[in-house]
Amino acid sequence: MGRTLAQKTWDAHVVRRSGGGDDLMYIDLQLLHEVNTPQAFDRLRAAGRTVRRPDLTVGTEDHNTPTLALDRVIKDREGRRQAELMRSNCAEFGIPLHRFGDRDQGIVHVIAPELGLVRPGMTIVCCDSHTTTLGAFGALAFGIGSSQVEHVLATQTLPMRPLRQMSVTVDGVLPTGVSAKDLVLALIAQVGTAGGQGHVIEYRGEGVRALSMEARMTLCNMSVEAGSRAGMVAPDETTFAYLARCPGMPRGADWEREVAYWRALAGDADALFDKAVTLDARTLSPYVSWGTNPAQSVPLDGRVPAPSDFAPGAQRDAAQRALAYMDLTPGTALRDVAVDTVFLGSCTNSRIEDLRAAADVLRGRKVADGLHMMIVPGSARVRRQAVEEGLDRVFAEAGADFRAGAGCSMCAALNEDRLLPGQRAASTNNRNFEGRQGRGSRTHIVSPAVAAATAVTGRLSSPADL
C-alpha cells in the first residue's frame, strides 16, 4: 500500500517502533523561544543531563520583544526574566541564539526558513503550536510541550503515537484578490476547530500547487487552528526555487541528489487517508472572522450570523457567547463593522509578501482618521528588505506605524503592543480568542490586503471596495 508524505517522513525517522504505542522518533531540528523553555532547562539541569545536539537546536527571542525601538528594554518583569533565562540557558549549553537586535532575530517560524534551517523530509519541533508553518516545505513540523522540549534537548528524540492522515484537496486556483489566509479561514469554517484533531493534514491539488511558498506557510500555519497536529505540502519546483536562495543549501551534484530525494517524498497515488476534504478555490472570496474562534468566519460580503443559525447545543451556545463578547448584532453586514486598530504581523502574515500586499493597497492612500495601523515585520531581515524596496515610505506616507523591532507583537500581546478593553481590531494574526490581543479586546482575523483596505476605510473592507 502507498504511503502519504507524512508517513514517508515518519518512517524515515523511527528509531524504535512500539507496535501499538508510541514510536520513538528522531528529531532533526528543535527551535526554541523565550516562552515555555525555562522549565525544560531547569529540569534538564536538575537531572544532571545536558543538551545532546546543540548544533541541531536554535533559539530566538520573539514573544516578549519590544517593537518601538531596538534599544528598548522589556518592561514586563516576567517577560524580561524569560529573555534573561533564554540567554543564560543558551550560553550554558552552547545553543545558538538570535537575540533581540541581532540581524537574524525574529519570529521563530519566520527566521527558520530564512536561515535555511528547514528542508523537505525533516522532523522539526518547537515549543509553539504554529510550528506547523514549516510543513509548507514538506517537513513534519509541530508544536510540543515543555516536558517534550526537555526530552528532545536531552536525547534528540521524541516518543510519539502515529498520526492519522487527512487530505485537503483544493481544486482550481484562487481568484484575484483572494489569498491563502482566506482559503484557510474557509477551510476551518467548514471543518471546525476540531476538524483535523489527531491528524496531519496534507494539502493537495491545483490550488495548493499554485501558491507561493509564503502563502503555503500561511496555510500550514493555521492548520493547528483546525485542531490538526501538523500541515504539509509536498515539495515541488516552487519549494526547490525558494530553497535554492536560502543559505547553507548544497550545490552542484549534492543539490541534485537532495532534490531527487525531496521529489520522492510526495505521497503515493494509492496512499490512503483517514479523512478527506475538498474545497473549490474558484468559489472563494475574502473571509473575515466574526466570533471568538477561527471557525466563526464568513465571507466579507456576508452578515453576522444569529445563534439560531446554529444547531442547538455547543455551537449555538458558543455563538451566543461570541456575539456578546464581540458586541455584534446578528444581521449586521460585516462591511459595516468599524475598527479602532489594524494589526499587520504575526507568524501567519508578517513576511515580505504580506507587507507588499498591504503596500499595494496603501500606496497613494491614507489611513482613516483616528485609526491606528501597526505593521510589525516578522524578522529583522523582512524589515531590511521592506526598506530596500521602499515599502517603509509607502507606510509612512499612508500614516501607518511601521515598527523598528521584529516579533510576535500584538498577536500574542505578551509585550507592550496590545489593545485596550473594548477596542476592536482587524488583524492578520491567527487567533481571535477572548483577550488574545489584550484583556477585553475584540479581534477580526483578516488577510493582509483586507487589513490594509480596512485601515483606509475604518470599516472591514476589501481592496475592491476602495
# chains A, B, ... in the order shown; residues from 1 in each chain; ligands from 1
>>> closest_atom_pairs(of="range 347-420 of chain A", to="range 62-82 of chain A", cutoff="6 Å", atoms="only C-alpha atoms", output="Markdown table")
| residue | atom | partner | partner_atom | distance |
| --- | --- | --- | --- | --- |
| A:Arg403 | CA | A:Thr67 | CA | 5.6 |
| A:Ala404 | CA | A:Ala69 | CA | 5.3 |
| A:Gly405 | CA | A:Thr67 | CA | 3.9 |
| A:Gly407 | CA | A:Asp62 | CA | 4.5 |
| A:Cys408 | CA | A:His63 | CA | 5.1 |
| A:Leu414 | CA | A:Asn64 | CA | 5.4 |
| A:Asn415 | CA | A:Asn64 | CA | 4.8 |
>>> write_last_selection(atoms="C-alpha atoms", output="CSV table (one decimal), in the first residue's frame")
chain,number,residue,atom,x,y,z
A,403,ARG,CA,7.7,49.3,13.8
A,404,ALA,CA,11.5,49.0,14.2
A,405,GLY,CA,11.6,45.7,16.1
A,407,GLY,CA,8.5,39.8,16.8
A,408,CYS,CA,5.1,38.4,17.7
A,414,LEU,CA,3.0,39.5,25.6
A,415,ASN,CA,4.9,42.7,25.0
>>> residues_around(residues="Asn293 in chain A", least_positions_apart="6", cutoff="9 Å", atoms="only C-alpha atoms", output="PyMOL selection string")
chain A and resi 193+225+322+431-434
>>> residues_around(residues="range 298-304 of chain A", least_positions_apart="4", cutoff="9 Å", atoms="only C-alpha atoms", output="ChimeraX atom specification")
/A:182,185-186,189,284-291,323,328-335,460-462
>>> write_last_selection(atoms="N, CA and C atoms", output="mmCIF file, in the first residue's frame")
data_model
loop_
_atom_site.group_PDB
_atom_site.id
_atom_site.type_symbol
_atom_site.label_atom_id
_atom_site.label_comp_id
_atom_site.auth_asym_id
_atom_site.auth_seq_id
_atom_site.Cartn_x
_atom_site.Cartn_y
_atom_site.Cartn_z
ATOM 1 N N ASP A 182 -7.534 33.603 3.263
ATOM 2 C CA ASP A 182 -8.963 33.384 3.012
ATOM 3 C C ASP A 182 -9.251 31.893 2.819
ATOM 4 N N LEU A 185 -9.124 30.151 6.249
ATOM 5 C CA LEU A 185 -10.298 30.512 7.063
ATOM 6 C C LEU A 185 -11.543 29.794 6.550
ATOM 7 N N ALA A 186 -11.662 29.703 5.222
ATOM 8 C CA ALA A 186 -12.809 28.984 4.647
ATOM 9 C C ALA A 186 -12.764 27.510 5.041
ATOM 10 N N ALA A 189 -13.687 27.215 8.753
ATOM 11 C CA ALA A 189 -15.132 27.452 8.904
ATOM 12 C C ALA A 189 -15.925 26.212 8.498
ATOM 13 N N LEU A 284 -14.198 30.931 -3.790
ATOM 14 C CA LEU A 284 -13.874 31.642 -2.552
ATOM 15 C C LEU A 284 -13.723 33.144 -2.762
ATOM 16 N N SER A 285 -13.940 33.877 -1.700
ATOM 17 C CA SER A 285 -13.778 35.338 -1.679
ATOM 18 C C SER A 285 -13.100 35.685 -0.344
ATOM 19 N N PRO A 286 -12.727 36.957 -0.123
ATOM 20 C CA PRO A 286 -12.108 37.300 1.167
ATOM 21 C C PRO A 286 -12.979 36.909 2.360
ATOM 22 N N TYR A 287 -12.336 36.325 3.380
ATOM 23 C CA TYR A 287 -13.029 35.878 4.584
ATOM 24 C C TYR A 287 -12.662 36.760 5.772
ATOM 25 N N VAL A 288 -13.523 36.785 6.770
ATOM 26 C CA VAL A 288 -13.262 37.513 7.999
ATOM 27 C C VAL A 288 -13.945 36.770 9.150
ATOM 28 N N SER A 289 -13.290 36.758 10.299
ATOM 29 C CA SER A 289 -13.914 36.128 11.470
ATOM 30 C C SER A 289 -14.845 37.128 12.158
ATOM 31 N N TRP A 290 -15.942 36.618 12.679
ATOM 32 C CA TRP A 290 -16.884 37.472 13.413
ATOM 33 C C TRP A 290 -16.920 37.117 14.902
ATOM 34 N N GLY A 291 -16.429 35.913 15.252
ATOM 35 C CA GLY A 291 -16.583 35.420 16.622
ATOM 36 C C GLY A 291 -15.278 35.324 17.371
ATOM 37 N N LEU A 323 -21.036 36.459 20.254
ATOM 38 C CA LEU A 323 -21.708 37.709 19.869
ATOM 39 C C LEU A 323 -21.706 38.702 21.030
ATOM 40 N N LEU A 328 -21.595 42.349 18.849
ATOM 41 C CA LEU A 328 -22.126 42.386 17.483
ATOM 42 C C LEU A 328 -23.598 41.987 17.484
ATOM 43 N N THR A 329 -24.339 42.573 16.554
ATOM 44 C CA THR A 329 -25.766 42.286 16.418
ATOM 45 C C THR A 329 -25.995 41.384 15.207
ATOM 46 N N PRO A 330 -26.704 40.275 15.370
ATOM 47 C CA PRO A 330 -26.978 39.402 14.219
ATOM 48 C C PRO A 330 -27.600 40.190 13.065
ATOM 49 N N GLY A 331 -27.183 39.838 11.856
ATOM 50 C CA GLY A 331 -27.724 40.505 10.673
ATOM 51 C C GLY A 331 -26.908 41.707 10.217
ATOM 52 N N THR A 332 -25.970 42.159 11.051
ATOM 53 C CA THR A 332 -25.123 43.295 10.670
ATOM 54 C C THR A 332 -24.203 42.887 9.515
ATOM 55 N N ALA A 333 -24.156 43.725 8.480
ATOM 56 C CA ALA A 333 -23.216 43.463 7.391
ATOM 57 C C ALA A 333 -21.794 43.602 7.917
ATOM 58 N N LEU A 334 -20.919 42.654 7.578
ATOM 59 C CA LEU A 334 -19.531 42.738 8.075
ATOM 60 C C LEU A 334 -18.873 44.028 7.616
ATOM 61 N N ARG A 335 -19.225 44.500 6.442
ATOM 62 C CA ARG A 335 -18.613 45.736 5.935
ATOM 63 C C ARG A 335 -19.055 46.974 6.740
ATOM 64 N N LEU A 460 -14.428 47.118 8.072
ATOM 65 C CA LEU A 460 -13.963 45.907 7.405
ATOM 66 C C LEU A 460 -14.228 46.034 5.906
ATOM 67 N N SER A 461 -13.150 45.956 5.116
ATOM 68 C CA SER A 461 -13.256 46.223 3.675
ATOM 69 C C SER A 461 -12.255 45.375 2.919
ATOM 70 N N SER A 462 -12.517 45.185 1.640
ATOM 71 C CA SER A 462 -11.547 44.550 0.756
ATOM 72 C C SER A 462 -10.992 45.604 -0.184
#
>>> atom_distance(atom1="CA of Leu391 in chain A", atom2="CA of Arg356 in chain A")
7.2 Å
>>> residues_around(residues="range 241-246 of chain A", least_positions_apart="2", cutoff="7 Å", atoms="only C-alpha atoms", output="list of chain:residue names")
A:Glu114, A:Leu115, A:Gly116, A:Glu237, A:Thr238, A:Thr239, A:Gly248, A:Met249
>>> atom_distance(atom1="CA of Thr428 in chain A", atom2="CA of Ala194 in chain A")
21.5 Å
>>> decode(residues="range 114-143 of chain A", atoms="N, CA, C and O atoms", output="mmCIF file, in the first residue's frame")
data_model
loop_
_atom_site.group_PDB
_atom_site.id
_atom_site.type_symbol
_atom_site.label_atom_id
_atom_site.label_comp_id
_atom_site.auth_asym_id
_atom_site.auth_seq_id
_atom_site.Cartn_x
_atom_site.Cartn_y
_atom_site.Cartn_z
ATOM 1 N N GLU A 114 14.223 31.477 6.552
ATOM 2 C CA GLU A 114 15.169 32.495 6.088
ATOM 3 C C GLU A 114 16.612 32.045 6.254
ATOM 4 O O GLU A 114 17.464 32.350 5.426
ATOM 5 N N LEU A 115 16.882 31.331 7.339
ATOM 6 C CA LEU A 115 18.246 30.914 7.655
ATOM 7 C C LEU A 115 18.613 29.591 7.011
ATOM 8 O O LEU A 115 19.703 29.056 7.256
ATOM 9 N N GLY A 116 17.700 29.033 6.213
ATOM 10 C CA GLY A 116 17.980 27.773 5.537
ATOM 11 C C GLY A 116 17.986 26.579 6.470
ATOM 12 O O GLY A 116 18.633 25.565 6.208
ATOM 13 N N LEU A 117 17.225 26.685 7.576
ATOM 14 C CA LEU A 117 17.209 25.598 8.560
ATOM 15 C C LEU A 117 16.187 24.516 8.227
ATOM 16 O O LEU A 117 16.198 23.445 8.834
ATOM 17 N N VAL A 118 15.289 24.805 7.295
ATOM 18 C CA VAL A 118 14.167 23.903 7.022
ATOM 19 C C VAL A 118 14.333 23.262 5.650
ATOM 20 O O VAL A 118 14.560 23.964 4.657
ATOM 21 N N ARG A 119 14.204 21.953 5.589
ATOM 22 C CA ARG A 119 14.265 21.231 4.317
ATOM 23 C C ARG A 119 13.171 20.168 4.291
ATOM 24 O O ARG A 119 12.731 19.685 5.337
ATOM 25 N N PRO A 120 12.746 19.787 3.091
ATOM 26 C CA PRO A 120 11.731 18.730 2.982
ATOM 27 C C PRO A 120 12.181 17.444 3.662
ATOM 28 O O PRO A 120 13.376 17.112 3.652
ATOM 29 N N GLY A 121 11.220 16.748 4.258
ATOM 30 C CA GLY A 121 11.514 15.454 4.873
ATOM 31 C C GLY A 121 12.101 15.533 6.267
ATOM 32 O O GLY A 121 12.392 14.504 6.872
ATOM 33 N N MET A 122 12.268 16.743 6.808
ATOM 34 C CA MET A 122 12.803 16.874 8.167
ATOM 35 C C MET A 122 11.702 16.686 9.204
ATOM 36 O O MET A 122 10.517 16.884 8.909
ATOM 37 N N THR A 123 12.095 16.334 10.422
ATOM 38 C CA THR A 123 11.205 16.427 11.577
ATOM 39 C C THR A 123 11.678 17.626 12.405
ATOM 40 O O THR A 123 12.865 17.736 12.722
ATOM 41 N N ILE A 124 10.734 18.528 12.707
ATOM 42 C CA ILE A 124 11.072 19.780 13.391
ATOM 43 C C ILE A 124 10.071 20.003 14.519
ATOM 44 O O ILE A 124 8.858 19.858 14.314
ATOM 45 N N VAL A 125 10.568 20.356 15.685
ATOM 46 C CA VAL A 125 9.676 20.643 16.812
ATOM 47 C C VAL A 125 10.044 21.995 17.415
ATOM 48 O O VAL A 125 11.149 22.487 17.247
ATOM 49 N N CYS A 126 9.075 22.567 18.118
ATOM 50 C CA CYS A 126 9.282 23.836 18.809
ATOM 51 C C CYS A 126 8.196 23.971 19.873
ATOM 52 O O CYS A 126 7.101 23.416 19.728
ATOM 53 N N CYS A 127 8.503 24.716 20.915
ATOM 54 C CA CYS A 127 7.537 24.904 21.997
ATOM 55 C C CYS A 127 6.486 25.932 21.586
ATOM 56 O O CYS A 127 6.203 26.880 22.338
ATOM 57 N N ASP A 128 5.908 25.762 20.419
ATOM 58 C CA ASP A 128 4.941 26.714 19.890
ATOM 59 C C ASP A 128 4.063 25.979 18.883
ATOM 60 O O ASP A 128 4.570 25.340 17.950
ATOM 61 N N SER A 129 2.747 26.092 19.039
ATOM 62 C CA SER A 129 1.829 25.304 18.212
ATOM 63 C C SER A 129 1.888 25.665 16.733
ATOM 64 O O SER A 129 1.566 24.842 15.873
ATOM 65 N N HIS A 130 2.303 26.898 16.410
ATOM 66 C CA HIS A 130 2.329 27.301 14.997
ATOM 67 C C HIS A 130 3.592 26.863 14.260
ATOM 68 O O HIS A 130 3.869 27.337 13.145
ATOM 69 N N THR A 131 4.320 25.937 14.865
ATOM 70 C CA THR A 131 5.431 25.294 14.158
ATOM 71 C C THR A 131 4.930 24.567 12.922
ATOM 72 O O THR A 131 5.701 24.248 12.008
ATOM 73 N N THR A 132 3.635 24.315 12.855
ATOM 74 C CA THR A 132 3.014 23.734 11.661
ATOM 75 C C THR A 132 3.360 24.525 10.404
ATOM 76 O O THR A 132 3.309 23.984 9.302
ATOM 77 N N THR A 133 3.720 25.803 10.576
ATOM 78 C CA THR A 133 4.097 26.661 9.450
ATOM 79 C C THR A 133 5.104 25.977 8.530
ATOM 80 O O THR A 133 5.017 26.080 7.293
ATOM 81 N N LEU A 134 6.062 25.284 9.140
ATOM 82 C CA LEU A 134 7.201 24.765 8.395
ATOM 83 C C LEU A 134 6.849 23.536 7.563
ATOM 84 O O LEU A 134 7.657 23.079 6.751
ATOM 85 N N GLY A 135 5.638 23.037 7.734
ATOM 86 C CA GLY A 135 5.157 21.963 6.870
ATOM 87 C C GLY A 135 5.003 22.404 5.428
ATOM 88 O O GLY A 135 4.886 21.564 4.523
ATOM 89 N N ALA A 136 5.026 23.705 5.189
ATOM 90 C CA ALA A 136 4.946 24.225 3.820
ATOM 91 C C ALA A 136 6.083 23.696 2.963
ATOM 92 O O ALA A 136 5.969 23.630 1.736
ATOM 93 N N PHE A 137 7.191 23.299 3.614
ATOM 94 C CA PHE A 137 8.366 22.810 2.889
ATOM 95 C C PHE A 137 8.374 21.284 2.769
ATOM 96 O O PHE A 137 9.356 20.705 2.307
ATOM 97 N N GLY A 138 7.311 20.639 3.218
ATOM 98 C CA GLY A 138 7.302 19.178 3.206
ATOM 99 C C GLY A 138 7.993 18.593 4.414
ATOM 100 O O GLY A 138 8.410 17.433 4.401
ATOM 101 N N ALA A 139 8.134 19.394 5.476
ATOM 102 C CA ALA A 139 8.697 18.905 6.737
ATOM 103 C C ALA A 139 7.556 18.525 7.673
ATOM 104 O O ALA A 139 6.480 19.123 7.614
ATOM 105 N N LEU A 140 7.791 17.525 8.523
ATOM 106 C CA LEU A 140 6.821 17.160 9.554
ATOM 107 C C LEU A 140 7.157 18.000 10.785
ATOM 108 O O LEU A 140 8.083 17.679 11.537
ATOM 109 N N ALA A 141 6.435 19.103 10.953
ATOM 110 C CA ALA A 141 6.787 20.111 11.959
ATOM 111 C C ALA A 141 5.573 20.378 12.847
ATOM 112 O O ALA A 141 4.468 20.584 12.349
ATOM 113 N N PHE A 142 5.814 20.412 14.173
ATOM 114 C CA PHE A 142 4.678 20.564 15.085
ATOM 115 C C PHE A 142 5.140 21.111 16.433
ATOM 116 O O PHE A 142 6.325 21.052 16.772
ATOM 117 N N GLY A 143 4.189 21.621 17.191
ATOM 118 C CA GLY A 143 4.476 22.167 18.498
ATOM 119 C C GLY A 143 4.512 21.085 19.564
ATOM 120 O O GLY A 143 3.826 20.066 19.450
#
